[in-house]
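See below for my_file.cif, which holds mmCIF, C-alpha atoms and all ligand atoms.
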data_entry
#
loop_
_atom_site.label_atom_id
_atom_site.label_comp_id
_atom_site.auth_asym_id
_atom_site.auth_seq_id
_atom_site.Cartn_x
_atom_site.Cartn_y
_atom_site.Cartn_z
CA MET J 54 109.22 99.04 73.25
CA SER J 55 112.31 101.12 72.57
CA THR J 56 112.27 104.88 73.03
CA PRO J 57 112.36 106.62 69.66
CA ALA J 58 115.45 108.71 69.01
CA PHE J 59 114.62 112.41 69.21
CA ASP J 60 116.67 115.35 68.04
CA ALA J 61 116.91 117.91 70.85
CA THR J 62 116.70 120.83 68.39
CA PRO J 63 113.34 122.54 68.88
CA PRO J 64 111.03 122.13 65.90
CA THR J 65 109.25 124.98 64.16
CA LEU J 66 106.31 125.82 66.37
CA ASP J 67 104.65 128.85 64.81
CA GLY J 68 101.13 129.10 66.12
CA PHE J 69 101.07 125.67 67.67
CA ASP J 70 101.57 124.20 71.09
CA GLN J 71 104.84 125.06 72.71
CA LEU J 72 106.92 121.95 72.95
CA VAL J 73 109.57 122.21 75.56
CA ALA J 74 112.91 122.54 73.79
CA GLY J 75 115.71 120.19 74.62
CA ARG J 76 113.60 117.55 76.30
CA SER J 77 113.90 114.02 75.12
CA GLU J 78 110.68 112.45 74.03
CA TYR J 79 108.77 110.57 76.72
CA SER J 80 111.47 111.58 79.18
CA ILE J 81 110.95 110.56 82.77
CA GLU J 82 113.60 112.65 84.58
CA PRO J 83 112.37 116.12 85.53
CA PRO J 84 114.78 118.61 83.89
CA ALA J 85 116.91 121.19 85.67
CA GLU J 86 114.87 124.07 84.18
CA GLU J 87 111.94 122.82 86.21
CA GLN J 88 113.05 125.16 89.00
CA ILE J 89 112.27 128.15 86.79
CA LYS J 90 108.78 126.88 86.13
CA ARG J 91 108.33 126.15 89.78
CA ASP J 92 109.27 129.70 90.81
CA ALA J 93 106.94 131.09 88.18
CA PHE J 94 104.18 128.87 89.45
CA LEU J 95 104.65 129.83 93.08
CA GLU J 96 104.64 133.52 92.20
CA HIS J 97 101.58 133.36 90.01
CA PRO J 98 99.21 136.03 91.37
CA LEU J 99 96.06 134.20 90.27
CA ILE J 100 96.81 131.24 92.49
CA GLU J 101 97.52 133.41 95.53
CA ALA J 102 94.36 135.41 95.05
CA GLU J 103 92.34 132.24 94.81
CA ILE J 104 93.81 130.68 97.92
CA GLU J 105 92.73 133.75 99.88
CA LEU J 106 89.33 133.69 98.27
CA LEU J 107 88.83 130.07 99.20
CA ASP J 108 90.13 130.20 102.77
CA ASP J 109 86.77 129.34 104.27
CA CYS J 110 85.91 126.47 101.95
CA ARG J 111 89.14 124.51 101.92
CA ILE J 112 87.52 121.76 103.93
CA GLY J 113 86.15 120.13 100.81
CA ASP J 114 89.36 120.14 98.82
CA ALA J 115 90.58 116.86 97.44
CA ALA J 116 94.09 115.66 98.19
CA PRO J 117 96.42 116.10 95.20
CA GLY J 118 95.62 113.50 92.61
CA GLU J 119 92.56 112.18 94.39
CA ALA J 120 89.73 111.87 91.87
CA ILE J 121 86.66 113.94 92.66
CA ASP J 122 83.57 111.90 91.86
CA VAL J 123 81.08 114.50 90.66
CA SER J 124 78.29 111.95 90.31
CA THR J 125 78.16 111.46 94.10
CA ASN J 126 79.17 114.95 95.16
CA SER J 127 76.60 116.08 97.69
CA ARG J 128 77.81 119.62 98.24
CA SER J 129 75.64 122.50 97.11
CA GLY J 130 77.37 122.81 93.76
CA GLU J 131 78.49 119.58 92.15
CA PHE J 132 81.71 121.19 90.94
CA ASP J 133 82.56 122.94 94.24
CA ILE J 134 85.35 120.55 95.19
CA ALA J 135 86.75 120.58 91.68
CA THR J 136 86.86 124.39 91.48
CA SER J 137 88.38 124.79 94.94
CA THR J 138 90.97 122.07 94.32
CA LEU J 139 91.83 123.63 90.97
CA ALA J 140 92.22 127.00 92.67
CA VAL J 141 94.59 125.65 95.30
CA ASN J 142 96.65 123.22 93.22
CA GLY J 143 96.16 124.46 89.67
CA TRP J 144 94.91 121.04 88.59
CA CYS J 145 92.48 118.31 89.60
CA VAL J 146 91.06 115.00 88.44
CA VAL J 147 87.29 114.51 88.20
CA SER J 148 85.67 111.10 87.79
CA ASN J 149 82.26 110.34 86.28
CA PHE J 150 82.16 113.69 84.51
CA LEU J 151 79.52 112.15 82.20
CA SER J 152 77.40 109.04 82.68
CA GLN J 153 78.77 105.73 81.45
CA THR J 154 76.19 105.70 78.65
CA GLN J 155 77.17 109.18 77.48
CA THR J 156 80.86 108.34 77.67
CA GLN J 157 80.41 105.12 75.72
CA ALA J 158 78.42 106.96 73.06
CA LEU J 159 81.29 109.40 72.59
CA ALA J 160 83.81 106.54 72.42
CA THR J 161 81.73 104.78 69.77
CA GLU J 162 81.44 107.96 67.70
CA CYS J 163 85.14 108.73 68.03
CA MET J 164 86.14 105.24 66.86
CA ALA J 165 83.59 105.31 64.02
CA MET J 166 84.95 108.66 62.83
CA TYR J 167 88.48 107.33 63.09
CA ALA J 168 87.54 104.24 61.06
CA ALA J 169 85.95 106.53 58.44
CA GLN J 170 89.26 108.43 58.24
CA LEU J 171 87.67 111.63 59.52
CA LEU J 172 90.48 112.27 61.98
CA THR J 173 93.63 113.98 60.70
CA PRO J 174 97.19 113.28 61.86
CA ALA J 175 98.14 116.15 64.16
CA ARG J 176 101.07 118.35 63.18
CA VAL J 177 103.34 120.54 65.23
CA GLY J 178 103.86 123.70 63.20
CA ALA J 179 105.47 123.01 59.85
CA ASN J 180 107.42 120.07 61.22
CA ARG J 181 106.96 117.19 58.85
CA ALA J 182 108.47 114.67 61.24
CA ALA J 183 105.95 115.61 63.89
CA THR J 184 104.88 112.07 64.59
CA LEU J 185 107.90 111.62 66.86
CA LEU J 186 106.67 114.55 68.94
CA ARG J 187 102.97 114.02 68.55
CA GLY J 188 101.35 110.84 67.28
CA ASP J 189 97.64 111.52 67.60
CA SER J 190 94.98 112.07 64.97
CA THR J 191 92.34 114.66 65.77
CA ARG J 192 89.00 116.04 64.69
CA TRP J 193 87.65 119.36 66.00
CA PHE J 194 84.06 119.57 67.20
CA GLN J 195 82.11 121.96 64.97
CA PRO J 196 80.30 124.30 67.43
CA ASP J 197 77.31 124.80 65.12
CA ALA J 198 77.05 121.13 64.09
CA LEU J 199 77.50 119.10 67.25
CA SER J 200 76.19 115.55 67.30
CA PRO J 201 73.78 114.88 70.22
CA ARG J 202 76.53 113.11 72.16
CA GLN J 203 78.97 115.94 71.54
CA GLN J 204 76.24 118.34 72.69
CA ALA J 205 75.96 116.42 75.97
CA PHE J 206 79.70 116.86 76.49
CA ALA J 207 79.55 120.54 75.50
CA ASP J 208 76.65 121.18 77.91
CA ARG J 209 78.58 119.63 80.77
CA ILE J 210 81.71 121.61 79.91
CA GLU J 211 79.60 124.77 79.86
CA ALA J 212 78.22 123.97 83.32
CA LEU J 213 81.77 123.49 84.60
CA GLN J 214 82.89 126.68 82.86
CA ASN J 215 80.07 128.58 84.57
CA ALA J 216 81.11 127.15 87.95
CA LEU J 217 84.73 128.20 87.32
CA ASN J 218 83.63 131.71 86.36
CA HIS J 219 81.34 131.96 89.35
CA ASP J 220 83.80 130.59 91.92
CA LEU J 221 87.13 131.80 90.54
CA PHE J 222 86.26 134.76 88.29
CA LEU J 223 88.18 133.22 85.41
CA GLY J 224 86.32 135.13 82.68
CA LEU J 225 85.98 132.06 80.45
CA VAL J 226 83.91 132.86 77.37
CA ASP J 227 83.98 129.71 75.25
CA SER J 228 85.77 126.46 74.58
CA GLU J 229 87.18 124.39 71.74
CA SER J 230 87.31 120.59 71.70
CA HIS J 231 88.66 117.81 69.56
CA TYR J 232 88.62 114.05 69.53
CA ALA J 233 92.05 112.47 69.61
CA VAL J 234 93.10 108.91 68.85
CA TYR J 235 96.60 107.71 69.68
CA ARG J 236 97.54 104.42 68.03
CA PRO J 237 99.63 101.96 70.06
CA GLY J 238 103.18 103.19 70.57
CA THR J 239 102.41 106.86 69.91
CA GLY J 240 102.37 109.74 72.42
CA TYR J 241 102.77 113.46 72.69
CA ALA J 242 106.09 114.84 73.93
CA ARG J 243 106.22 117.16 76.91
CA HIS J 244 104.59 120.50 76.09
CA LEU J 245 102.50 123.45 77.25
CA ASP J 246 99.01 124.02 75.82
CA ARG J 247 99.29 127.81 75.49
CA LEU J 248 99.70 128.76 71.86
CA ARG J 249 102.75 130.81 71.00
CA ASN J 250 100.99 134.06 70.02
CA ASN J 251 97.72 133.59 71.83
CA ASP J 252 96.91 133.60 75.55
CA SER J 253 93.27 132.65 75.16
CA ARG J 254 93.56 129.12 76.57
CA VAL J 255 93.11 129.23 80.34
CA ILE J 256 91.93 125.76 81.36
CA SER J 257 92.90 122.50 79.69
CA ALA J 258 90.29 119.76 80.15
CA VAL J 259 91.05 116.26 78.91
CA PHE J 260 88.23 113.73 78.98
CA TYR J 261 88.96 110.02 78.56
CA LEU J 262 86.85 107.50 76.66
CA ASN J 263 88.67 104.20 77.22
CA GLU J 264 86.60 101.43 78.79
CA ALA J 265 88.37 98.98 81.12
CA TRP J 266 91.78 100.58 80.74
CA GLN J 267 94.49 98.71 82.66
CA ASP J 268 97.39 100.60 84.26
CA ALA J 269 99.81 98.20 82.54
CA GLU J 270 98.54 99.35 79.13
CA GLY J 271 100.42 102.65 79.60
CA GLY J 272 99.06 105.80 77.95
CA ALA J 273 99.11 107.92 81.09
CA LEU J 274 98.90 111.69 80.86
CA ARG J 275 102.00 112.71 82.82
CA LEU J 276 101.43 116.08 84.46
CA TYR J 277 104.59 117.82 85.68
CA LEU J 278 104.04 119.54 88.99
CA ALA J 279 105.66 122.59 90.55
CA ASP J 280 107.62 120.54 93.10
CA GLN J 281 109.52 118.71 90.36
CA THR J 282 107.44 115.59 90.72
CA TYR J 283 104.77 114.42 88.34
CA HIS J 284 101.34 112.86 88.53
CA ASP J 285 100.23 110.19 86.06
CA VAL J 286 96.55 110.25 85.09
CA ILE J 287 95.26 106.93 83.75
CA PRO J 288 93.06 107.55 80.67
CA ARG J 289 90.07 105.66 82.03
CA ALA J 290 86.57 106.26 80.63
CA GLY J 291 84.74 109.00 82.55
CA THR J 292 87.88 110.71 83.93
CA LEU J 293 88.32 114.43 83.31
CA LEU J 294 91.69 116.05 84.02
CA LEU J 295 91.68 119.83 84.53
CA PHE J 296 94.75 122.04 84.72
CA LEU J 297 95.84 125.62 84.07
CA SER J 298 96.97 125.68 80.44
CA ALA J 299 99.74 128.24 80.96
CA GLN J 300 101.42 126.48 83.85
CA PHE J 301 101.49 122.73 83.53
CA GLU J 302 103.77 120.92 81.17
CA HIS J 303 102.52 117.45 80.37
CA GLU J 304 103.07 114.58 78.01
CA VAL J 305 101.17 111.56 76.74
CA LEU J 306 103.02 108.29 77.31
CA PRO J 307 102.69 105.62 74.63
CA ALA J 308 100.17 102.85 75.20
CA THR J 309 99.76 99.28 74.02
CA ARG J 310 96.21 99.83 72.70
CA ASP J 311 94.27 102.58 70.94
CA ARG J 312 93.77 105.52 73.26
CA MET J 313 90.86 107.94 72.84
CA SER J 314 90.34 111.34 74.45
CA ILE J 315 88.55 114.63 74.00
CA ALA J 316 90.94 117.53 74.49
CA CYS J 317 89.13 120.75 75.38
CA TRP J 318 90.35 124.24 76.16
CA MET J 319 88.28 126.85 77.98
CA ARG J 320 89.18 130.27 76.70
CA GLN J 321 89.21 133.85 77.85
CA ARG J 322 88.71 136.82 75.57
CA VAL J 323 92.06 138.22 74.41
C1 LIG J 401 96.84 117.84 73.94
C2 LIG J 401 97.10 116.87 75.02
C3 LIG J 401 96.42 114.91 76.21
C4 LIG J 401 95.61 113.65 76.10
O1 LIG J 401 96.07 117.52 73.02
O2 LIG J 401 97.39 118.96 74.01
O3 LIG J 401 97.98 117.11 75.81
O4 LIG J 401 95.67 112.89 77.08
N1 LIG J 401 96.32 115.77 75.11
O5 LIG J 401 94.97 113.42 75.09
MN MN J 402 98.44 119.21 75.80
#
Show me, as structure tokens, the structure contained in the file I just sent.
Amino acid sequence: MSTPAFDATPPTLDGFDQLVAGRSEYSIEPPAEEQIKRDAFLEHPLIEAEIELLDDCRIGDAAPGEAIDVSTNSRSGEFDIATSTLAVNGWCVVSNFLSQTQTQALATECMAMYAAQLLTPARVGANRAATLLRGDSTRWFQPDALSPRQQAFADRIEALQNALNHDLFLGLVDSESHYAVYRPGTGYARHLDRLRNNDSRVISAVFYLNEAWQDAEGGALRLYLADQTYHDVIPRAGTLLLFLSAQFEHEVLPATRDRMSIACWMRQRV
């Protein structure tokens, strides 16, 4: 598959995700400006405070990128390792966030809604040619009209949100979630999840619905780290990626098959 040509001029982004200007789409090389982000990351007071706070419970932290299986986690709180790893690294990968049955039910609903044309092509601001930057179609969960399977996801997210508030004092008050379907060959160019005029998004949580995903099928979520490396998360059913919305640039690499996710943001009051 050839890489689509992409004009380096930043698009209009009013009120939408901040795409990183001047980056080529699906780029692999970390850019020179990464140093700036890295310095900002290292100086971030929240991270330092949390490392101190967690000094005596580091023993359970996962190595960077190691998936934390919450279904077999025997520590007192099932999310303890996830919250401490998030505090130290700013991101973590959780596996088996929901049961296989619950995950499959969400996948079935997402595909059925897609087939019924209930998902809408995502747009970046007023940019009409947004598909080069962002190729997914999305449908927001309606908080007062959740399907039972969406409710199961929302309950689990709320439990995690409570653990994050309890362990890390994040002051999360609610969340917003949408289904996303990326057709083969589409992705989402490198971006930050914080909205331009709104700091409410604190934690990005991306939950994957794709049964039997093979690495060779592509579609990784590429998370750019502070040390100018990146970590690729395979969008396998049951995997939940968590990261600090304000700090981690990321992109969705194109895949060779349909790729389904639930993108969720836990928010603070602003
Ligand atoms: C997003 C996003 C990642 C994914 O919607 O902002 O980065 O893997 N999604 O679906
Ligand atoms: Mn994103």
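We find atom CA of Ala242 of chain J and atom CA of Glu211 of chain J to be spaced 28.9 Å apart.
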Report task. Could you give me the residues within 7 Å of ligand MN 402 (chain J), counting only C-alpha atoms and all ligand atoms, as an MDAnalysis selection string? Result -> chainID J and resid 244:246 303:304
Sorted per-residue table, chain J near ligand LIG 401 (chain J), closest atoms and distance, 7 Å, all atoms listed in the file, as CSV:
residue,atom,partner,partner_atom,distance
J:Ala233,CA,J:LIG401,O5,6.3
J:Tyr241,CA,J:LIG401,O3,6.8
J:Asp246,CA,J:LIG401,O2,5.6
J:Val259,CA,J:LIG401,C4,6.0
J:Leu274,CA,J:LIG401,O4,5.1
J:Pro288,CA,J:LIG401,O4,6.9
J:His303,CA,J:LIG401,O3,6.4
J:Glu304,CA,J:LIG401,O3,6.1
J:Val305,CA,J:LIG401,O4,5.7
J:Ser314,CA,J:LIG401,O5,5.1
J:Ile315,CA,J:LIG401,O5,6.6
J:Ala316,CA,J:LIG401,O1,5.3
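With distances taken over all atoms listed in the file, J:Leu262 is the one residue among J:Leu213, J:Leu262, J:Leu185, J:Val141 lying closest to Gln157 of chain J.
The gap separating atom CA of Ser152 of chain J from atom CA of Arg187 of chain J is 29.6 Å, in Å to one decimal.
Across the structure, atom CA of Arg249 of chain J and atom CA of Asn218 of chain J are spaced 24.5 Å apart.
Comparing the minimum interatomic distances between Ala308 of chain J and each of J:Ala135, J:Leu276, J:Val234, J:Leu248, counting only C-alpha atoms, we find that J:Val234 sits nearest.
Distances here use only C-alpha atoms; by that measure, the residue among J:Ile134, J:Ala120, J:Ala140, J:Ala290 closest to Ala158 of chain J is J:Ala290.
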Query raised in the report: Excluding same-chain residues fewer than 4 positions from Val286 of chain J, what lies within 12 Å of it counting only C-alpha atoms, as a PyMOL selection string?
Result: chain J and resi 117-120+144-148+259-261+266-268+271-277+290+292-296+303-306
Put those residues in a file: C-alpha atoms, as an mmCIF file, in the frame of the given file.
data_model
loop_
_atom_site.group_PDB
_atom_site.id
_atom_site.type_symbol
_atom_site.label_atom_id
_atom_site.label_comp_id
_atom_site.auth_asym_id
_atom_site.auth_seq_id
_atom_site.Cartn_x
_atom_site.Cartn_y
_atom_site.Cartn_z
ATOM 1 C CA PRO J 117 96.420 116.100 95.200
ATOM 2 C CA GLY J 118 95.620 113.500 92.610
ATOM 3 C CA GLU J 119 92.560 112.180 94.390
ATOM 4 C CA ALA J 120 89.730 111.870 91.870
ATOM 5 C CA TRP J 144 94.910 121.040 88.590
ATOM 6 C CA CYS J 145 92.480 118.310 89.600
ATOM 7 C CA VAL J 146 91.060 115.000 88.440
ATOM 8 C CA VAL J 147 87.290 114.510 88.200
ATOM 9 C CA SER J 148 85.670 111.100 87.790
ATOM 10 C CA VAL J 259 91.050 116.260 78.910
ATOM 11 C CA PHE J 260 88.230 113.730 78.980
ATOM 12 C CA TYR J 261 88.960 110.020 78.560
ATOM 13 C CA TRP J 266 91.780 100.580 80.740
ATOM 14 C CA GLN J 267 94.490 98.710 82.660
ATOM 15 C CA ASP J 268 97.390 100.600 84.260
ATOM 16 C CA GLY J 271 100.420 102.650 79.600
ATOM 17 C CA GLY J 272 99.060 105.800 77.950
ATOM 18 C CA ALA J 273 99.110 107.920 81.090
ATOM 19 C CA LEU J 274 98.900 111.690 80.860
ATOM 20 C CA ARG J 275 102.000 112.710 82.820
ATOM 21 C CA LEU J 276 101.430 116.080 84.460
ATOM 22 C CA TYR J 277 104.590 117.820 85.680
ATOM 23 C CA ALA J 290 86.570 106.260 80.630
ATOM 24 C CA THR J 292 87.880 110.710 83.930
ATOM 25 C CA LEU J 293 88.320 114.430 83.310
ATOM 26 C CA LEU J 294 91.690 116.050 84.020
ATOM 27 C CA LEU J 295 91.680 119.830 84.530
ATOM 28 C CA PHE J 296 94.750 122.040 84.720
ATOM 29 C CA HIS J 303 102.520 117.450 80.370
ATOM 30 C CA GLU J 304 103.070 114.580 78.010
ATOM 31 C CA VAL J 305 101.170 111.560 76.740
ATOM 32 C CA LEU J 306 103.020 108.290 77.310
#
**Report entry** Test item: residues at most 12 Å from Thr154 of chain J, all atoms listed in the file, excluding those fewer than 3 positions along its chain, as a ChimeraX atom specification
**Finding:** /J:149-151,157-161,202,205-206,262,264,290-291
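Counting only C-alpha atoms, the residue from J:Glu270, J:Tyr167, J:Ala279, J:Ala299 that sits nearest to Gly238 of chain J is J:Glu270.
Minimum distance to Trp318 of chain J across J:Ser228, J:Gln300, J:Ser253, J:Thr239 (counting only C-alpha atoms) occurs at J:Ser228.
Contact shell of Leu172 of chain J at 12 Å (all atoms listed in the file; same-chain neighbours under 2 positions omitted): Glu162, Cys163, Met164, Ala165, Met166, Tyr167, Ala168, Ala169, Gln170, Pro174, Ala175, Asp189, Ser190, Thr191, Arg192, Trp193, Phe194, His231, Tyr232, Ala233, Val234, Tyr235 and Met313 of chain J.
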Query - Selected residue of minimal separation from Ala258 of chain J among J:Glu229, J:Asp208, J:Asp311, J:Asp197, counting all atoms listed in the file - result: J:Glu229
